[in-house]
Amino acid sequence: DVAVSYANDPPSLHGTRVQLPNPPRNPSASDLGQLRGAADSFAVRLKHHDPKMHAAASPLGAEARAAFDACEQARVEALGARRMAGLAGNLDQWMTRELTQSGFDRAEKREEAPLALALRLLVQERVSGRSLPPAAKHLADLWRSSIEERAGAAITALARTAGDQAAFGAAARKV
């Protein structure tokens with residue numbers, strides 16, 4: 001049982017209450033894909049994520065917590081994308097919209113893009129086995145060598161444990 005509402009506010013998920021953006025009056029195919037992407041992101045989180053388990057395993061520091069949360073978001077979206085090609089395409093459209101609106105698709109140096117977001121993209125790429133959409137690949141590539149050098153083995157462990165949130169969480173704490 002999920003309650004869905006639409007508003008002009010940013011999309012959000014609180015328990016089983018989902019808020020999605022109001023669709024435009026005459027939505028384009030891209031508008032609909034982005035809306036479905038937001039809904040699909042929340043749907044896979046509801047299906048594959050245990051908030052109590054996540055909270056219990058979360059590290060204390062703000063930066064470590066941001067990285068841990070990013071890895072978990074990548075995990076749930078990658079699990080959905082591996083099972084449903086349509087969902088994967090919707091998530092790609094939603095991700096592209098988010099990166100474009102925030103300007104991260106135009107970042108020229110890694111200092112212009114959050115490390116946790118880049119980590120999320122690299123983990124999602126590895127866990128899903130899918131290529132990132134161009135805007136996401138651009139951002140991920142800014143950080144790729146640095147993250148791979150420091151956490152490549154840990155990201156490989158994340159990919160192996162994606163179906164088990166507890167094991168994934170333990171591996172994510174090492175990233």
# chains A, B, ... in the order shown; residues from 1 in each chain; ligands from 1
call {"tool": "residues_around", "arguments": {"residues": "A:Ser41", "least_positions_apart": "5", "cutoff": "9 Å", "atoms": "only C-alpha atoms", "output": "PyMOL selection string"}}
result
chain A and resi 36+46+73+76-77+80+87+90-91+94
call {"tool": "closest_atom_pairs", "arguments": {"of": "stretch 84-136 of chain A", "to": "stretch 144-158 of chain A", "cutoff": "10 Å", "atoms": "only C-alpha atoms", "output": "Markdown table"}}
result
| residue | atom | partner | partner_atom | distance |
| --- | --- | --- | --- | --- |
| A:Arg110 | CA | A:Arg144 | CA | 9.6 |
| A:Leu115 | CA | A:Ile147 | CA | 8.8 |
| A:Ala118 | CA | A:Arg144 | CA | 7.8 |
| A:Leu119 | CA | A:Ile147 | CA | 7.3 |
| A:Leu121 | CA | A:Arg144 | CA | 9.7 |
| A:Leu122 | CA | A:Arg144 | CA | 7.3 |
| A:Val123 | CA | A:Ile155 | CA | 6.3 |
| A:Gln124 | CA | A:Ile155 | CA | 9.7 |
| A:Arg126 | CA | A:Thr156 | CA | 7.4 |
| A:Val127 | CA | A:Leu158 | CA | 7.2 |
call {"tool": "write_last_selection", "arguments": {"atoms": "N, CA, C and O atoms", "output": "PDB file, in the first residue's frame"}}
result
ATOM      1  N   ARG A 110      36.459  17.577 -11.092  1.00  0.00           N
ATOM      2  CA  ARG A 110      35.723  16.754 -10.130  1.00  0.00           C
ATOM      3  C   ARG A 110      35.289  17.545  -8.899  1.00  0.00           C
ATOM      4  O   ARG A 110      34.302  17.203  -8.269  1.00  0.00           O
ATOM      5  N   LEU A 115      31.363  13.942  -4.681  1.00  0.00           N
ATOM      6  CA  LEU A 115      31.979  12.618  -4.658  1.00  0.00           C
ATOM      7  C   LEU A 115      30.926  11.523  -4.472  1.00  0.00           C
ATOM      8  O   LEU A 115      30.950  10.499  -5.161  1.00  0.00           O
ATOM      9  N   ALA A 118      29.141  10.771  -7.709  1.00  0.00           N
ATOM     10  CA  ALA A 118      30.010  10.028  -8.630  1.00  0.00           C
ATOM     11  C   ALA A 118      30.125   8.574  -8.187  1.00  0.00           C
ATOM     12  O   ALA A 118      30.069   7.653  -9.025  1.00  0.00           O
ATOM     13  N   LEU A 119      30.252   8.352  -6.899  1.00  0.00           N
ATOM     14  CA  LEU A 119      30.321   6.992  -6.375  1.00  0.00           C
ATOM     15  C   LEU A 119      29.040   6.235  -6.700  1.00  0.00           C
ATOM     16  O   LEU A 119      29.076   5.083  -7.148  1.00  0.00           O
ATOM     17  N   LEU A 121      27.039   6.664  -9.175  1.00  0.00           N
ATOM     18  CA  LEU A 121      27.017   6.337 -10.597  1.00  0.00           C
ATOM     19  C   LEU A 121      27.945   5.176 -10.924  1.00  0.00           C
ATOM     20  O   LEU A 121      27.578   4.263 -11.677  1.00  0.00           O
ATOM     21  N   LEU A 122      29.132   5.182 -10.353  1.00  0.00           N
ATOM     22  CA  LEU A 122      30.087   4.095 -10.619  1.00  0.00           C
ATOM     23  C   LEU A 122      29.608   2.765 -10.047  1.00  0.00           C
ATOM     24  O   LEU A 122      29.754   1.717 -10.683  1.00  0.00           O
ATOM     25  N   VAL A 123      29.004   2.815  -8.862  1.00  0.00           N
ATOM     26  CA  VAL A 123      28.458   1.591  -8.277  1.00  0.00           C
ATOM     27  C   VAL A 123      27.280   1.102  -9.114  1.00  0.00           C
ATOM     28  O   VAL A 123      27.169  -0.095  -9.408  1.00  0.00           O
ATOM     29  N   GLN A 124      26.427   2.005  -9.522  1.00  0.00           N
ATOM     30  CA  GLN A 124      25.276   1.607 -10.338  1.00  0.00           C
ATOM     31  C   GLN A 124      25.732   0.973 -11.655  1.00  0.00           C
ATOM     32  O   GLN A 124      25.185  -0.034 -12.086  1.00  0.00           O
ATOM     33  N   ARG A 126      28.546  -0.607 -12.232  1.00  0.00           N
ATOM     34  CA  ARG A 126      29.142  -1.924 -11.963  1.00  0.00           C
ATOM     35  C   ARG A 126      28.090  -2.945 -11.570  1.00  0.00           C
ATOM     36  O   ARG A 126      28.098  -4.078 -12.041  1.00  0.00           O
ATOM     37  N   VAL A 127      27.148  -2.567 -10.694  1.00  0.00           N
ATOM     38  CA  VAL A 127      26.145  -3.518 -10.214  1.00  0.00           C
ATOM     39  C   VAL A 127      25.142  -3.870 -11.307  1.00  0.00           C
ATOM     40  O   VAL A 127      24.755  -5.032 -11.455  1.00  0.00           O
TER      41      VAL A 127
END
call {"tool": "select_by_dssp", "arguments": {"residues": "chain A", "states": "alpha helix (DSSP H)", "output": "count of residues only"}}
result
116
call {"tool": "closest_residue", "arguments": {"among": "A:Ser12, A:Gln101, A:Thr161, A:Gln34", "to": "A:Gly86", "atoms": "only C-alpha atoms"}}
result
A:Gln34
call {"tool": "residues_around", "arguments": {"residues": "A:Gly89", "least_positions_apart": "2", "cutoff": "12 Å", "atoms": "only C-alpha atoms", "output": "compact mmCIF listing (two decimals) with all heavy atoms, in the first residue's frame"}}
result
# COMPACT_ATOMS: atom_id res chain seq x y z
N SER A 30 9.57 12.45 -23.35
CA SER A 30 10.66 12.64 -22.39
C SER A 30 10.11 13.00 -21.01
O SER A 30 10.58 12.48 -20.00
CB SER A 30 11.60 13.73 -22.89
OG SER A 30 12.61 13.99 -21.94
N LEU A 32 7.24 12.19 -19.75
CA LEU A 32 6.64 10.99 -19.17
C LEU A 32 7.70 10.00 -18.72
O LEU A 32 7.57 9.38 -17.66
CB LEU A 32 5.68 10.34 -20.17
CG LEU A 32 4.44 11.16 -20.50
CD1 LEU A 32 3.62 10.48 -21.59
CD2 LEU A 32 3.60 11.39 -19.25
N GLY A 33 8.79 9.87 -19.49
CA GLY A 33 9.88 8.98 -19.08
C GLY A 33 10.52 9.43 -17.79
O GLY A 33 10.85 8.63 -16.92
N GLN A 34 10.70 10.75 -17.65
CA GLN A 34 11.29 11.29 -16.43
C GLN A 34 10.37 11.08 -15.23
O GLN A 34 10.83 10.71 -14.15
CB GLN A 34 11.59 12.78 -16.61
CG GLN A 34 12.70 13.03 -17.60
CD GLN A 34 12.82 14.49 -17.97
OE1 GLN A 34 12.29 15.37 -17.30
NE2 GLN A 34 13.53 14.75 -19.06
N LEU A 35 9.09 11.29 -15.42
CA LEU A 35 8.12 11.06 -14.34
C LEU A 35 8.10 9.58 -13.95
O LEU A 35 8.13 9.24 -12.76
CB LEU A 35 6.73 11.52 -14.77
CG LEU A 35 5.63 11.38 -13.73
CD1 LEU A 35 5.92 12.23 -12.49
CD2 LEU A 35 4.29 11.80 -14.33
N ARG A 36 8.09 8.71 -14.95
CA ARG A 36 8.14 7.27 -14.66
C ARG A 36 9.46 6.92 -13.97
O ARG A 36 9.49 6.06 -13.09
CB ARG A 36 7.96 6.46 -15.94
CG ARG A 36 6.53 6.42 -16.43
CD ARG A 36 6.31 5.38 -17.52
NE ARG A 36 7.05 5.64 -18.73
CZ ARG A 36 6.60 6.35 -19.77
NH1 ARG A 36 5.39 6.87 -19.74
NH2 ARG A 36 7.35 6.52 -20.83
N GLY A 37 10.55 7.57 -14.36
CA GLY A 37 11.84 7.32 -13.73
C GLY A 37 11.83 7.65 -12.25
O GLY A 37 12.36 6.89 -11.43
N ALA A 38 11.23 8.78 -11.88
CA ALA A 38 11.12 9.15 -10.47
C ALA A 38 10.28 8.11 -9.73
O ALA A 38 10.66 7.64 -8.65
CB ALA A 38 10.51 10.54 -10.32
N ASP A 40 9.70 5.00 -10.63
CA ASP A 40 10.41 3.72 -10.61
C ASP A 40 11.53 3.71 -9.57
O ASP A 40 11.76 2.70 -8.90
CB ASP A 40 10.99 3.40 -11.99
CG ASP A 40 9.94 3.00 -13.00
OD1 ASP A 40 8.80 2.70 -12.61
OD2 ASP A 40 10.26 3.00 -14.22
N SER A 41 12.21 4.85 -9.41
CA SER A 41 13.26 4.93 -8.40
C SER A 41 12.69 4.67 -7.01
O SER A 41 13.26 3.93 -6.21
CB SER A 41 13.92 6.31 -8.46
OG SER A 41 14.91 6.43 -7.46
N GLU A 77 18.46 0.71 -7.42
CA GLU A 77 18.14 1.05 -8.81
C GLU A 77 18.77 0.04 -9.78
O GLU A 77 18.15 -0.33 -10.78
CB GLU A 77 18.59 2.47 -9.13
CG GLU A 77 17.70 3.49 -8.43
CD GLU A 77 18.04 4.94 -8.75
OE1 GLU A 77 19.04 5.19 -9.47
OE2 GLU A 77 17.30 5.83 -8.28
N ALA A 78 19.96 -0.43 -9.48
CA ALA A 78 20.61 -1.43 -10.34
C ALA A 78 19.84 -2.75 -10.31
O ALA A 78 19.71 -3.41 -11.35
CB ALA A 78 22.05 -1.63 -9.92
N GLY A 80 16.64 -3.15 -9.91
CA GLY A 80 15.47 -2.95 -10.77
C GLY A 80 15.85 -2.92 -12.23
O GLY A 80 15.18 -3.53 -13.07
N ALA A 81 16.94 -2.22 -12.56
CA ALA A 81 17.37 -2.09 -13.96
C ALA A 81 17.78 -3.44 -14.55
O ALA A 81 17.57 -3.68 -15.74
CB ALA A 81 18.52 -1.10 -14.05
N ARG A 82 18.37 -4.30 -13.71
CA ARG A 82 18.79 -5.62 -14.22
C ARG A 82 17.59 -6.48 -14.58
O ARG A 82 17.68 -7.34 -15.44
CB ARG A 82 19.62 -6.37 -13.17
CG ARG A 82 20.98 -5.78 -12.98
CD ARG A 82 21.96 -6.62 -12.23
NE ARG A 82 21.50 -7.26 -11.01
CZ ARG A 82 22.32 -7.74 -10.09
NH1 ARG A 82 23.62 -7.67 -10.24
NH2 ARG A 82 21.84 -8.30 -9.00
N ARG A 83 16.46 -6.24 -13.95
CA ARG A 83 15.28 -7.07 -14.17
C ARG A 83 14.33 -6.52 -15.23
O ARG A 83 13.59 -7.28 -15.85
CB ARG A 83 14.52 -7.24 -12.86
CG ARG A 83 15.30 -8.06 -11.87
CD ARG A 83 14.45 -8.41 -10.66
NE ARG A 83 15.22 -9.27 -9.79
CZ ARG A 83 15.58 -8.95 -8.57
NH1 ARG A 83 15.23 -7.79 -8.06
NH2 ARG A 83 16.29 -9.78 -7.84
N MET A 84 14.33 -5.21 -15.43
CA MET A 84 13.34 -4.60 -16.34
C MET A 84 13.99 -3.52 -17.19
O MET A 84 14.37 -2.47 -16.68
CB MET A 84 12.19 -4.01 -15.53
CG MET A 84 11.37 -5.06 -14.81
SD MET A 84 10.09 -4.30 -13.79
CE MET A 84 10.93 -4.29 -12.20
N ALA A 85 14.09 -3.78 -18.49
CA ALA A 85 14.73 -2.83 -19.41
C ALA A 85 13.98 -1.50 -19.45
O ALA A 85 14.60 -0.43 -19.52
CB ALA A 85 14.83 -3.43 -20.80
N GLY A 86 12.66 -1.53 -19.43
CA GLY A 86 11.88 -0.28 -19.46
C GLY A 86 12.15 0.57 -18.24
O GLY A 86 12.30 1.78 -18.33
N LEU A 87 12.23 -0.07 -17.09
CA LEU A 87 12.54 0.64 -15.85
C LEU A 87 13.93 1.25 -15.95
O LEU A 87 14.15 2.40 -15.56
CB LEU A 87 12.45 -0.32 -14.66
CG LEU A 87 12.70 0.28 -13.29
CD1 LEU A 87 11.74 -0.33 -12.28
CD2 LEU A 87 14.12 0.09 -12.85
N LEU A 91 14.83 5.17 -15.48
CA LEU A 91 15.80 5.65 -14.50
C LEU A 91 16.89 6.48 -15.18
O LEU A 91 17.34 7.49 -14.62
CB LEU A 91 16.43 4.48 -13.74
CG LEU A 91 15.52 3.72 -12.78
CD1 LEU A 91 16.23 2.50 -12.22
CD2 LEU A 91 15.02 4.62 -11.66
N ASP A 92 17.30 6.07 -16.37
CA ASP A 92 18.30 6.84 -17.11
C ASP A 92 17.77 8.24 -17.43
O ASP A 92 18.49 9.23 -17.31
CB ASP A 92 18.68 6.14 -18.42
CG ASP A 92 19.59 4.93 -18.21
OD1 ASP A 92 20.06 4.71 -17.07
OD2 ASP A 92 19.82 4.21 -19.20
N GLN A 93 16.50 8.32 -17.85
CA GLN A 93 15.91 9.63 -18.16
C GLN A 93 15.82 10.50 -16.92
O GLN A 93 16.10 11.70 -16.96
CB GLN A 93 14.53 9.46 -18.79
CG GLN A 93 14.59 8.94 -20.21
CD GLN A 93 13.22 8.93 -20.85
OE1 GLN A 93 12.54 9.94 -20.89
NE2 GLN A 93 12.82 7.77 -21.36
N TRP A 94 15.43 9.88 -15.80
CA TRP A 94 15.31 10.63 -14.54
C TRP A 94 16.69 11.11 -14.09
O TRP A 94 16.87 12.26 -13.69
CB TRP A 94 14.65 9.76 -13.48
CG TRP A 94 14.58 10.42 -12.15
CD1 TRP A 94 15.23 10.06 -11.01
CD2 TRP A 94 13.81 11.58 -11.81
NE1 TRP A 94 14.93 10.94 -10.00
CE2 TRP A 94 14.06 11.87 -10.47
CE3 TRP A 94 12.96 12.39 -12.54
CZ2 TRP A 94 13.47 12.94 -9.82
CZ3 TRP A 94 12.37 13.47 -11.89
CH2 TRP A 94 12.63 13.74 -10.54
N MET A 95 17.69 10.23 -14.15
CA MET A 95 19.04 10.59 -13.74
C MET A 95 19.57 11.73 -14.62
O MET A 95 20.16 12.70 -14.11
CB MET A 95 19.97 9.38 -13.86
CG MET A 95 21.39 9.64 -13.44
SD MET A 95 22.48 8.24 -13.75
CE MET A 95 21.62 6.91 -12.97
N THR A 96 19.35 11.64 -15.92
CA THR A 96 19.81 12.69 -16.83
C THR A 96 19.15 14.02 -16.49
O THR A 96 19.82 15.06 -16.46
CB THR A 96 19.51 12.28 -18.29
OG1 THR A 96 20.25 11.09 -18.58
CG2 THR A 96 19.89 13.38 -19.26
N ARG A 130 25.27 -2.13 -16.83
CA ARG A 130 24.81 -1.28 -17.94
C ARG A 130 25.69 -0.04 -18.04
O ARG A 130 26.22 0.43 -17.04
CB ARG A 130 23.37 -0.81 -17.68
CG ARG A 130 22.36 -1.92 -17.59
CD ARG A 130 20.95 -1.39 -17.30
NE ARG A 130 20.50 -0.54 -18.39
CZ ARG A 130 20.30 0.78 -18.29
NH1 ARG A 130 20.49 1.40 -17.16
NH2 ARG A 130 19.87 1.48 -19.32
N SER A 131 25.79 0.48 -19.23
CA SER A 131 26.47 1.75 -19.44
C SER A 131 25.62 2.88 -18.87
O SER A 131 24.39 2.81 -18.90
CB SER A 131 26.69 2.00 -20.93
OG SER A 131 27.53 1.02 -21.47
N LEU A 132 26.28 3.89 -18.39
CA LEU A 132 25.58 5.07 -17.89
C LEU A 132 25.13 5.95 -19.06
O LEU A 132 25.79 5.97 -20.10
CB LEU A 132 26.51 5.89 -16.99
CG LEU A 132 26.95 5.22 -15.70
CD1 LEU A 132 28.10 6.02 -15.06
CD2 LEU A 132 25.79 5.10 -14.74
N PRO A 133 24.03 6.70 -18.89
CA PRO A 133 23.66 7.67 -19.93
C PRO A 133 24.76 8.73 -20.02
O PRO A 133 25.53 8.92 -19.06
CB PRO A 133 22.34 8.24 -19.43
CG PRO A 133 22.24 7.90 -18.00
CD PRO A 133 23.11 6.70 -17.75
call {"tool": "atom_distance", "arguments": {"atom1": "atom CA of A:Glu111", "atom2": "atom CA of A:Trp143"}}
result
9.2 Å
call {"tool": "closest_residue", "arguments": {"among": "A:Ala135, A:Ala67, A:Ala170, A:Ala7", "to": "A:Gly103", "atoms": "only C-alpha atoms"}}
result
A:Ala135
